[in-house]
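Enquirer: My file is target_20.cif. It has mmCIF, C-alpha atoms and all ligand atoms:
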```
data_start
loop_
_atom_site.label_atom_id
_atom_site.label_comp_id
_atom_site.auth_asym_id
_atom_site.auth_seq_id
_atom_site.Cartn_x
_atom_site.Cartn_y
_atom_site.Cartn_z
CA MET A 1 0.29 17.81 -11.04
CA THR A 2 3.58 18.58 -9.34
CA GLN A 3 4.35 17.39 -5.85
CA GLN A 4 3.77 20.04 -3.20
CA PRO A 5 6.94 20.38 -1.08
CA ARG A 6 4.83 21.77 1.75
CA HIS A 7 7.28 20.88 4.50
CA ALA A 8 10.56 21.26 2.70
CA SER A 9 11.82 24.19 4.73
CA SER A 10 11.02 22.87 8.18
CA PRO A 11 13.88 22.76 10.71
CA ALA A 12 13.44 19.04 11.12
CA ALA A 13 13.73 18.45 7.39
CA ASP A 14 16.94 20.47 7.39
CA ALA A 15 18.31 18.53 10.34
CA ALA A 16 17.52 15.32 8.56
CA THR A 17 19.65 16.26 5.60
CA THR A 18 22.93 17.21 7.20
CA PRO A 19 24.62 13.84 7.38
CA ALA A 20 28.20 15.06 7.24
CA THR A 21 28.14 16.97 10.51
CA THR A 22 25.76 14.91 12.57
CA PRO A 23 25.95 11.49 14.23
CA ALA A 24 24.94 8.41 12.33
CA THR A 25 21.43 8.28 13.68
CA THR A 26 20.49 11.89 13.17
CA PRO A 27 17.64 11.81 10.62
CA ALA A 28 15.01 10.12 12.60
CA THR A 29 16.12 11.02 16.10
CA THR A 30 14.59 14.34 15.31
CA PRO A 31 11.05 13.08 14.86
CA ALA A 32 11.44 10.65 17.74
CA THR A 33 12.55 13.21 20.27
CA THR A 34 11.07 16.50 19.14
CA PRO A 35 7.57 15.87 17.92
CA ALA A 36 6.66 19.53 18.07
CA THR A 37 9.06 20.36 15.27
CA THR A 38 8.11 17.54 12.93
CA PRO A 39 6.74 18.85 9.66
CA ALA A 40 3.41 17.16 9.71
CA THR A 41 2.37 18.18 13.21
CA SER A 42 0.72 21.15 11.57
CA THR A 43 -2.07 18.87 10.36
CA ALA A 44 -4.62 17.21 12.60
CA THR A 45 -3.55 13.81 11.24
CA SER A 46 -0.23 14.31 12.97
CA THR A 47 -1.22 15.23 16.50
CA ALA A 48 -0.71 11.63 17.60
CA THR A 49 3.07 12.20 17.54
CA ALA A 50 2.70 14.37 20.64
CA THR A 51 2.10 11.21 22.67
CA ARG A 52 4.52 8.30 23.18
CA VAL A 53 4.53 6.14 20.06
CA ALA A 54 4.84 2.37 20.59
CA PRO A 55 8.09 1.09 19.03
CA LEU A 56 7.96 -1.08 15.92
CA HIS A 57 9.33 -4.62 16.15
CA HIS A 58 8.24 -5.87 12.72
CA LEU A 59 6.16 -4.48 9.85
CA LEU A 60 3.93 -7.42 8.95
CA GLY A 61 0.62 -5.72 8.23
CA ILE A 62 -1.22 -2.45 8.80
CA ASP A 63 -3.48 -4.36 11.22
CA ASP A 64 -0.51 -4.47 13.66
CA LEU A 65 -0.22 -0.66 13.72
CA ASP A 66 -2.17 2.02 15.55
CA ALA A 67 -2.89 5.53 14.24
CA ALA A 68 0.03 7.09 16.17
CA GLN A 69 2.51 4.63 14.64
CA VAL A 70 1.20 5.32 11.12
CA VAL A 71 1.54 9.08 11.61
CA HIS A 72 5.01 8.62 13.10
CA ILE A 73 6.14 6.62 10.05
CA LEU A 74 4.73 9.29 7.71
CA ASP A 75 6.37 12.13 9.67
CA THR A 76 9.70 10.30 9.62
CA ALA A 77 9.36 9.72 5.87
CA GLU A 78 8.70 13.43 5.38
CA GLN A 79 12.06 14.18 6.96
CA LEU A 80 13.83 11.59 4.85
CA LEU A 81 12.28 12.63 1.53
CA PRO A 82 15.13 14.99 0.54
CA ILE A 83 17.56 12.08 0.88
CA ALA A 84 15.23 9.73 -1.02
CA THR A 85 14.95 12.21 -3.86
CA ARG A 86 18.71 12.80 -3.86
CA GLU A 87 18.43 16.48 -3.08
CA ARG A 88 21.00 15.48 -0.45
CA ASN A 89 23.47 12.61 -0.13
CA THR A 90 23.06 9.32 1.64
CA VAL A 91 23.22 9.28 5.44
CA PRO A 92 25.26 6.83 7.53
CA THR A 93 22.34 5.87 9.78
CA LEU A 94 22.39 2.12 9.06
CA ARG A 95 26.11 1.71 8.38
CA GLY A 96 27.19 -1.80 9.38
CA LYS A 97 23.64 -3.21 9.21
CA VAL A 98 22.76 -5.92 6.71
CA VAL A 99 19.30 -5.86 5.12
CA CYS A 100 18.26 -8.96 3.18
CA ASN A 101 15.67 -8.61 0.42
CA LEU A 102 14.11 -12.07 0.20
CA PHE A 103 11.90 -11.96 -2.91
CA LEU A 104 10.12 -15.24 -3.54
CA GLU A 105 7.65 -13.70 -6.01
CA ASP A 106 8.22 -11.42 -9.02
CA SER A 107 8.70 -7.75 -8.33
CA THR A 108 10.46 -4.85 -9.96
CA ARG A 109 9.51 -1.58 -8.31
CA THR A 110 9.09 -2.81 -4.74
CA ARG A 111 12.41 -4.67 -4.75
CA ILE A 112 14.32 -1.75 -6.28
CA SER A 113 12.62 0.67 -3.89
CA PHE A 114 13.63 -1.35 -0.80
CA ASP A 115 17.12 -1.73 -2.24
CA LEU A 116 17.52 2.01 -2.75
CA ALA A 117 15.97 2.84 0.63
CA ALA A 118 18.48 0.64 2.47
CA LYS A 119 21.40 2.00 0.41
CA ARG A 120 20.45 5.65 1.05
CA LEU A 121 20.73 4.80 4.75
CA SER A 122 24.13 3.12 4.10
CA ALA A 123 23.03 -0.42 4.95
CA GLU A 124 24.56 -3.37 3.15
CA VAL A 125 21.96 -5.07 0.98
CA LEU A 126 21.72 -8.76 0.12
CA ASN A 127 19.33 -9.45 -2.74
CA PHE A 128 17.98 -12.96 -2.59
CA SER A 129 15.34 -14.12 -5.07
CA ALA A 130 13.68 -17.52 -5.47
CA LYS A 131 15.19 -18.00 -8.93
CA GLY A 132 18.84 -18.90 -8.63
CA SER A 133 18.62 -19.63 -4.89
CA SER A 134 18.31 -22.88 -2.95
CA VAL A 135 14.57 -22.22 -2.65
CA SER A 136 14.25 -23.32 -6.28
CA LYS A 137 16.10 -26.52 -5.28
CA GLY A 138 13.34 -27.27 -2.76
CA GLU A 139 14.88 -25.81 0.41
CA SER A 140 12.17 -25.23 3.00
CA PHE A 141 11.22 -21.76 4.14
CA LYS A 142 12.45 -22.63 7.63
CA ASP A 143 15.88 -23.70 6.37
CA THR A 144 16.16 -20.55 4.27
CA ALA A 145 15.34 -18.53 7.39
CA LEU A 146 17.90 -20.39 9.51
CA THR A 147 20.56 -19.81 6.83
CA LEU A 148 19.85 -16.05 6.87
CA ASP A 149 20.02 -16.11 10.65
CA ALA A 150 23.37 -17.87 10.58
CA MET A 151 24.68 -15.19 8.21
CA GLY A 152 23.82 -12.53 10.76
CA VAL A 153 21.41 -10.38 8.77
CA ASP A 154 19.84 -7.51 10.73
CA CYS A 155 16.50 -7.30 8.89
CA VAL A 156 14.64 -9.34 6.28
CA VAL A 157 12.32 -7.77 3.72
CA VAL A 158 10.16 -10.57 2.38
CA ARG A 159 7.81 -10.88 -0.59
CA SER A 160 5.96 -14.13 -1.03
CA GLY A 161 3.00 -15.52 -2.92
CA SER A 162 1.86 -17.16 0.33
CA SER A 163 -0.31 -15.14 2.69
CA GLY A 164 1.23 -15.27 6.15
CA ALA A 165 4.81 -16.07 5.05
CA PRO A 166 6.30 -12.92 6.70
CA ARG A 167 4.62 -13.73 10.02
CA GLN A 168 5.97 -17.27 9.77
CA LEU A 169 9.47 -15.88 9.17
CA ALA A 170 9.11 -13.66 12.24
CA ARG A 171 8.66 -16.85 14.30
CA TYR A 172 11.90 -18.37 12.98
CA LEU A 173 14.10 -15.28 13.13
CA ASP A 174 15.04 -12.90 15.86
CA VAL A 175 15.40 -9.81 13.64
CA PRO A 176 12.80 -7.32 12.31
CA ILE A 177 10.79 -8.63 9.35
CA MET A 178 9.18 -6.33 6.80
CA ASN A 179 6.37 -7.57 4.61
CA ALA A 180 6.87 -6.49 0.98
CA GLY A 181 3.62 -8.18 -0.11
CA ASP A 182 2.27 -11.62 0.82
CA GLY A 183 -0.31 -13.37 -1.32
CA TRP A 184 -3.70 -11.61 -1.20
CA HIS A 185 -3.06 -10.60 2.39
CA GLN A 186 -1.07 -7.41 3.08
CA HIS A 187 1.28 -4.91 1.45
CA PRO A 188 1.86 -2.46 4.29
CA THR A 189 4.59 -0.26 2.79
CA GLN A 190 2.49 0.28 -0.36
CA ALA A 191 -0.42 1.49 1.80
CA LEU A 192 1.88 3.74 3.84
CA LEU A 193 3.46 5.32 0.76
CA ASP A 194 0.01 5.89 -0.69
CA VAL A 195 -1.29 7.58 2.45
CA PHE A 196 1.94 9.61 2.57
CA THR A 197 1.33 10.76 -1.04
CA MET A 198 -2.31 11.62 -0.30
CA ARG A 199 -1.29 13.60 2.78
CA ARG A 200 1.26 15.62 0.82
CA HIS A 201 -1.45 16.65 -1.64
CA LEU A 202 -4.51 16.96 0.56
CA GLY A 203 -3.16 17.66 4.07
CA ASP A 204 -5.25 16.16 6.87
CA LEU A 205 -7.02 13.09 5.50
CA ALA A 206 -9.79 12.99 8.12
CA GLY A 207 -13.10 13.07 6.26
CA ARG A 208 -11.48 12.93 2.80
CA ARG A 209 -13.17 10.60 0.31
CA VAL A 210 -10.97 7.89 -1.26
CA VAL A 211 -12.54 5.74 -3.99
CA ILE A 212 -10.78 2.40 -4.58
CA VAL A 213 -11.69 0.82 -7.90
CA GLY A 214 -11.16 -2.61 -9.43
CA ASP A 215 -9.88 -6.02 -8.49
CA LEU A 216 -10.35 -5.89 -4.72
CA LEU A 217 -10.71 -9.65 -4.43
CA HIS A 218 -7.08 -10.46 -5.28
CA SER A 219 -5.55 -7.27 -3.91
CA ARG A 220 -3.26 -7.23 -0.88
CA VAL A 221 -2.80 -3.52 -1.59
CA ALA A 222 -6.53 -2.86 -1.10
CA ARG A 223 -6.62 -4.74 2.21
CA SER A 224 -3.70 -2.73 3.64
CA GLU A 225 -4.89 0.51 2.04
CA VAL A 226 -8.35 0.38 3.60
CA GLN A 227 -6.92 -0.32 7.06
CA ALA A 228 -4.42 2.56 6.78
CA LEU A 229 -7.08 4.97 5.52
CA ASN A 230 -9.44 3.98 8.32
CA LEU A 231 -6.66 4.70 10.84
CA VAL A 232 -6.18 8.26 9.54
CA GLY A 233 -9.94 8.91 9.43
CA ALA A 234 -10.51 8.95 5.65
CA GLN A 235 -13.86 7.82 4.19
CA VAL A 236 -13.37 4.91 1.82
CA SER A 237 -15.70 3.87 -1.02
CA VAL A 238 -15.05 0.79 -3.12
CA VAL A 239 -16.27 0.14 -6.66
CA ALA A 240 -15.76 -3.21 -8.40
CA PRO A 241 -17.43 -5.80 -10.56
CA PRO A 242 -19.49 -7.93 -8.12
CA THR A 243 -17.28 -10.93 -8.94
CA LEU A 244 -14.17 -9.04 -7.80
CA LEU A 245 -15.57 -7.87 -4.46
CA PRO A 246 -14.29 -9.97 -1.53
CA PRO A 247 -17.14 -11.67 0.38
CA GLU A 248 -15.92 -10.11 3.64
CA VAL A 249 -15.94 -6.52 2.26
CA GLU A 250 -18.86 -5.60 4.55
CA ARG A 251 -16.50 -5.91 7.51
CA TRP A 252 -13.89 -3.57 5.98
CA GLY A 253 -15.57 -0.36 7.15
CA VAL A 254 -16.07 0.92 3.58
CA GLU A 255 -19.04 1.98 1.49
CA VAL A 256 -19.70 -0.24 -1.54
CA VAL A 257 -20.80 1.96 -4.46
CA PRO A 258 -22.33 0.15 -7.47
CA SER A 259 -21.32 2.62 -10.19
CA LEU A 260 -18.00 4.35 -10.80
CA ASP A 261 -19.73 7.37 -12.35
CA ASP A 262 -21.70 7.89 -9.12
CA ALA A 263 -18.56 7.73 -6.97
CA LEU A 264 -16.37 10.17 -8.91
CA PRO A 265 -17.87 13.62 -8.23
CA ASP A 266 -17.29 13.30 -4.43
CA ALA A 267 -13.81 11.77 -4.67
CA ASP A 268 -10.66 13.45 -3.36
CA VAL A 269 -8.64 10.43 -4.47
CA VAL A 270 -9.37 7.79 -7.12
CA TYR A 271 -7.20 4.73 -6.47
CA LEU A 272 -7.16 2.24 -9.34
CA LEU A 273 -6.17 -1.37 -8.78
CA ARG A 274 -4.52 -3.57 -11.35
CA VAL A 275 -6.60 -6.35 -12.84
CA GLN A 276 -4.53 -9.24 -11.43
CA ARG A 277 -4.82 -11.77 -14.24
CA GLU A 278 -2.12 -14.02 -12.78
CA ARG A 279 -4.43 -14.69 -9.83
CA MET A 280 -7.56 -15.30 -11.95
CA HIS A 281 -8.23 -18.91 -12.81
CA ARG A 282 -11.67 -18.28 -14.29
CA ALA A 283 -13.45 -15.41 -16.08
CA PHE A 284 -14.37 -12.66 -13.59
CA PHE A 285 -15.73 -10.28 -16.25
CA PRO A 286 -16.86 -10.81 -19.85
CA SER A 287 -14.13 -8.90 -21.72
CA THR A 288 -11.44 -6.25 -21.36
CA ARG A 289 -13.64 -3.83 -23.31
CA GLU A 290 -16.50 -4.39 -20.94
CA TYR A 291 -14.20 -3.87 -17.94
CA GLN A 292 -12.82 -0.65 -19.42
CA ARG A 293 -16.33 0.67 -20.13
CA LEU A 294 -17.76 -0.05 -16.67
CA TRP A 295 -14.79 0.13 -14.30
CA GLY A 296 -11.94 1.81 -16.18
CA MET A 297 -10.77 5.38 -15.67
CA ASP A 298 -10.73 7.30 -18.95
CA GLY A 299 -10.66 10.93 -20.05
CA ARG A 300 -14.43 11.36 -19.80
CA ARG A 301 -14.41 10.16 -16.19
CA LEU A 302 -11.35 12.26 -15.38
CA ARG A 303 -13.37 15.36 -16.24
CA GLN A 304 -16.00 14.38 -13.63
CA LEU A 305 -13.42 14.79 -10.84
CA LYS A 306 -12.99 17.84 -8.62
CA ASP A 307 -9.99 19.99 -9.66
CA HIS A 308 -7.93 19.05 -6.60
CA ALA A 309 -8.67 15.32 -6.83
CA ILE A 310 -5.75 13.00 -7.54
CA VAL A 311 -5.51 9.69 -9.41
CA MET A 312 -3.32 6.90 -8.01
CA HIS A 313 -2.26 3.37 -8.97
CA PRO A 314 0.21 1.04 -7.19
CA GLY A 315 1.73 -0.17 -10.47
CA PRO A 316 2.34 -2.06 -12.61
CA MET A 317 -0.46 -0.50 -14.71
CA ASN A 318 -2.47 -2.20 -17.42
CA ARG A 319 -2.90 0.81 -19.70
CA GLY A 320 -6.13 0.46 -21.65
CA VAL A 321 -7.73 -1.77 -19.00
CA GLU A 322 -8.17 -0.11 -15.58
CA ILE A 323 -6.63 3.19 -16.74
CA THR A 324 -6.15 4.89 -20.09
CA GLY A 325 -2.88 6.54 -21.10
CA GLU A 326 -4.63 9.93 -21.06
CA VAL A 327 -5.45 9.52 -17.34
CA ALA A 328 -2.11 7.97 -16.36
CA ASP A 329 -0.22 10.86 -17.97
CA SER A 330 -2.60 13.63 -16.86
CA ASP A 331 -1.82 16.44 -14.42
CA GLN A 332 -4.08 14.82 -11.82
CA SER A 333 -2.11 11.56 -11.86
CA VAL A 334 0.46 11.20 -9.04
CA ILE A 335 1.56 7.69 -10.00
CA THR A 336 5.25 8.48 -10.48
CA GLU A 337 5.29 10.47 -7.21
CA GLN A 338 4.03 7.34 -5.45
CA VAL A 339 7.16 5.55 -6.68
CA THR A 340 9.50 8.28 -5.41
CA ASN A 341 7.67 8.61 -2.09
CA GLY A 342 7.95 4.85 -1.65
CA ILE A 343 11.71 5.18 -1.16
CA ALA A 344 11.26 7.71 1.67
CA VAL A 345 8.57 5.65 3.37
CA ARG A 346 10.67 2.48 3.21
CA MET A 347 13.66 4.42 4.55
CA ALA A 348 11.47 5.55 7.45
CA CYS A 349 10.34 1.99 8.19
CA LEU A 350 13.91 0.67 8.06
CA TYR A 351 15.06 3.48 10.32
CA LEU A 352 12.29 2.91 12.85
CA LEU A 353 12.91 -0.84 12.92
CA LEU A 354 16.70 -0.80 12.97
CA ALA A 355 18.05 2.47 14.30
CA ALA A 356 15.32 3.95 16.52
CA PRO A 357 15.51 1.17 19.15
CA ALA A 358 19.21 1.93 19.70
CA VAL A 359 18.47 5.66 19.94
CA ASP A 360 15.72 5.01 22.48
CA GLU A 361 18.02 2.76 24.51
CA GLU A 362 20.75 5.42 24.56
CA ALA A 363 18.23 7.97 25.75
CA GLY A 364 17.15 5.57 28.52
CA ARG A 365 13.58 5.14 27.19
C1 LIG B 1 1.39 -4.42 -6.14
C2 LIG B 1 1.66 -5.81 -5.63
O1 LIG B 1 2.61 -6.46 -6.02
O2 LIG B 1 0.86 -6.23 -4.80
N1 LIG B 1 2.44 -3.86 -6.87
C3 LIG B 1 3.57 -3.45 -6.29
O3 LIG B 1 3.87 -3.73 -5.16
N2 LIG B 1 4.35 -2.65 -7.05
C4 LIG B 1 0.12 -4.32 -6.87
C5 LIG B 1 -0.06 -5.17 -8.10
O4 LIG B 1 0.74 -6.04 -8.40
O5 LIG B 1 -1.08 -4.96 -8.77
#
```
Take the structure in the file and give it back as structure tokens.

Expert:
Amino acid sequence: MTQQPRHASSPAADAATTPATTPATTPATTPATTPATTPATSTATSTATATRVAPLHHLLGIDDLDAAQVVHILDTAEQLLPIATRERNTVPTLRGKVVCNLFLEDSTRTRISFDLAAKRLSAEVLNFSAKGSSVSKGESFKDTALTLDAMGVDCVVVRSGSSGAPRQLARYLDVPIMNAGDGWHQHPTQALLDVFTMRRHLGDLAGRRVVIVGDLLHSRVARSEVQALNLVGAQVSVVAPPTLLPPEVERWGVEVVPSLDDALPDADVVYLLRVQRERMHRAFFPSTREYQRLWGMDGRRLRQLKDHAIVMHPGPMNRGVEITGEVADSDQSVITEQVTNGIAVRMACLYLLLAAPAVDEEAGR
């Protein structure tokens, strides 16, 4: 399935892609000041931009955001997508700002995506990973934070195996902190890029049915995803082996469906989660074959979906476990689009955290 450039010709999208002739902060001043012209205001999900949107100070979890802020981030990302996809050049919006990527846990796509997002906005990027840094020599998290502070970074993007580490960092540092995934807790930019991708394909998400399948217990993505989908009014069903359902799932505002085959015919989106073996210290299901048979998405199940339904996965995929190659490479899979859209969404978050406050101040708001 090809990505629908539904908003590509909007005036705001054009304004966002003319860096050479416009001031450094142009891209997102458009959505901030002229909500009526933002691309997504044509859908009901976007009407919240017509009211004053509370500024972002950090991006620690989706639970810190309200619906208007989510829609504002998505609308801003829509405007930045042509720059993310290199239809246009970089913009000078964050020139002179230093963004530090502090990655204390393995990551490929998220780290590269944040790196590219900051560079497309002309920020300087410091890549700091646990391996090869003083953290591996036993430096405390607080001392690492104080060192970054002393170096004058303007924003820290942090990934950590410890739930709550980004919030802790926000206590030590006086600059915006973005959570790039912490333990089993939150992965807010993944949820935002997923909702952005769903919105591009399905329009208004209110009442749409999203089925999340797999290892919910260990998944920070699922926790953020459900909160973001609830904010935009989608109906969420979850399907998982009973051993991989979090005990608190009843409080998530989702429907627990026992069988994947029962959930598929009504789905607008099937969202597959990776089986997170690195977080499993005992057997949660009998065998990979058993998992594939009961909870995996294969060609037979793909044919149970409605024609417009899309298949998503946050990556990295375990082909042959939660998803077969046939499904991952099918026309209904939007998995590579998620990766591309992630750059635009992270650009939007960086913009809103680092450049929008200055724009608001200039405008006396
Ligand atoms: C996710 C993560 O790290 O939480 N992946 C990612 O950000 N690219 C999901 C996963 O690892 O399964």

Enquirer: Write as a ChimeraX atom specification the residues around ligand LIG 1 (chain B), taking 10 Å as the cut-off and counting only C-alpha atoms and all ligand atoms.

Expert: /A:105-111,113,159-161,180-191,215,218-222,272-278,313-318,339,342

Enquirer: Here is a test: counting only C-alpha atoms, which residue of A:Val125, A:Ile212, A:Met198, A:Val232 is nearest to Leu264 (chain A)?

Expert: A:Ile212

Enquirer: Using only C-alpha atoms, pick whichever of A:Glu326, A:Asn101, A:Asp261, A:Asp204 has the shortest atom-to-atom distance to Val71 (chain A).

Expert: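 The shortest atom-to-atom distance to Val71 (chain A) comes from A:Asp204.
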
Enquirer: One number please: CA of Asp75 (chain A) to CA of Val91 (chain A), in Å, one decimal.

Expert: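 About the pair CA of Asp75 (chain A) and CA of Val91 (chain A): they are 17.6 Å apart.
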
Enquirer: Between CA of Leu294 (chain A) and CA of Ala309 (chain A), what is the spacing in Å?

Expert: 20.4 Å

Enquirer: Please, what distance in Å, to one decimal, runs between CA of Pro166 (chain A) and CA of Ser129 (chain A)?

Expert: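 For CA of Pro166 (chain A) relative to CA of Ser129 (chain A), the distance reads 14.9 Å.
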
Enquirer: Taking (14.4, 12.2, -4.5) as a centre in this file's frame and 10 Å as the limit, can you find every polymer residue with an atom that close, using all atoms listed in the file, and give them as a PyMOL selection string?

Expert: chain A and resi 80-88+337+340-341+343-344

Enquirer: Quick one: residues within 6 Å of Val98 (chain A), all atoms listed in the file counted, chain neighbours fewer than 2 positions away excluded, as a compact mmCIF listing (two decimals) with C-alpha atoms, in the coordinates of the input?

Expert:
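Output saved as selection-v8.txt:
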```
# COMPACT_ATOMS: atom_id res chain seq x y z
CA ALA A 123 23.03 -0.42 4.95
CA GLU A 124 24.56 -3.37 3.15
CA VAL A 125 21.96 -5.07 0.98
CA VAL A 153 21.41 -10.38 8.77
CA ASP A 154 19.84 -7.51 10.73
```

Enquirer: Taking (-22.4, -8.0, -4.8) as a centre in this file's frame and 12 Å as the limit, can you find every polymer residue with an atom that close, using only C-alpha atoms, and give them as a PyMOL selection string?

Expert: chain A and resi 217+238-250+256-259

Enquirer: Given all atoms listed in the file as the basis, pick out the residue of A:Asp268, A:Glu255, A:Asp194, A:Asp115 nearest to Ala206 (chain A).

Expert: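 Among A:Asp268, A:Glu255, A:Asp194, A:Asp115, it is A:Asp268 that comes nearest to Ala206 (chain A).
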
Enquirer: Have a look at A:Ala283, A:Ala54, A:Ser122, A:Asp149 and name the one nearest to Arg95 (chain A); count all atoms listed in the file.

Expert: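 Using all atoms listed in the file, Arg95 (chain A) sits closest to A:Ser122.
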
Enquirer: Between A:Leu216, A:Ile177, A:Val210, A:Leu102, single out the one closest to Val270 (chain A), counting only C-alpha atoms.

Expert: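 For Val270 (chain A), the nearest of the given residues is A:Val210.
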
Enquirer: Closest to Leu192 (chain A) among A:Leu173, A:Leu229, A:Leu205, A:Val236, using only C-alpha atoms?

Expert: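 Selected residue with least distance to Leu192 (chain A): A:Leu229.
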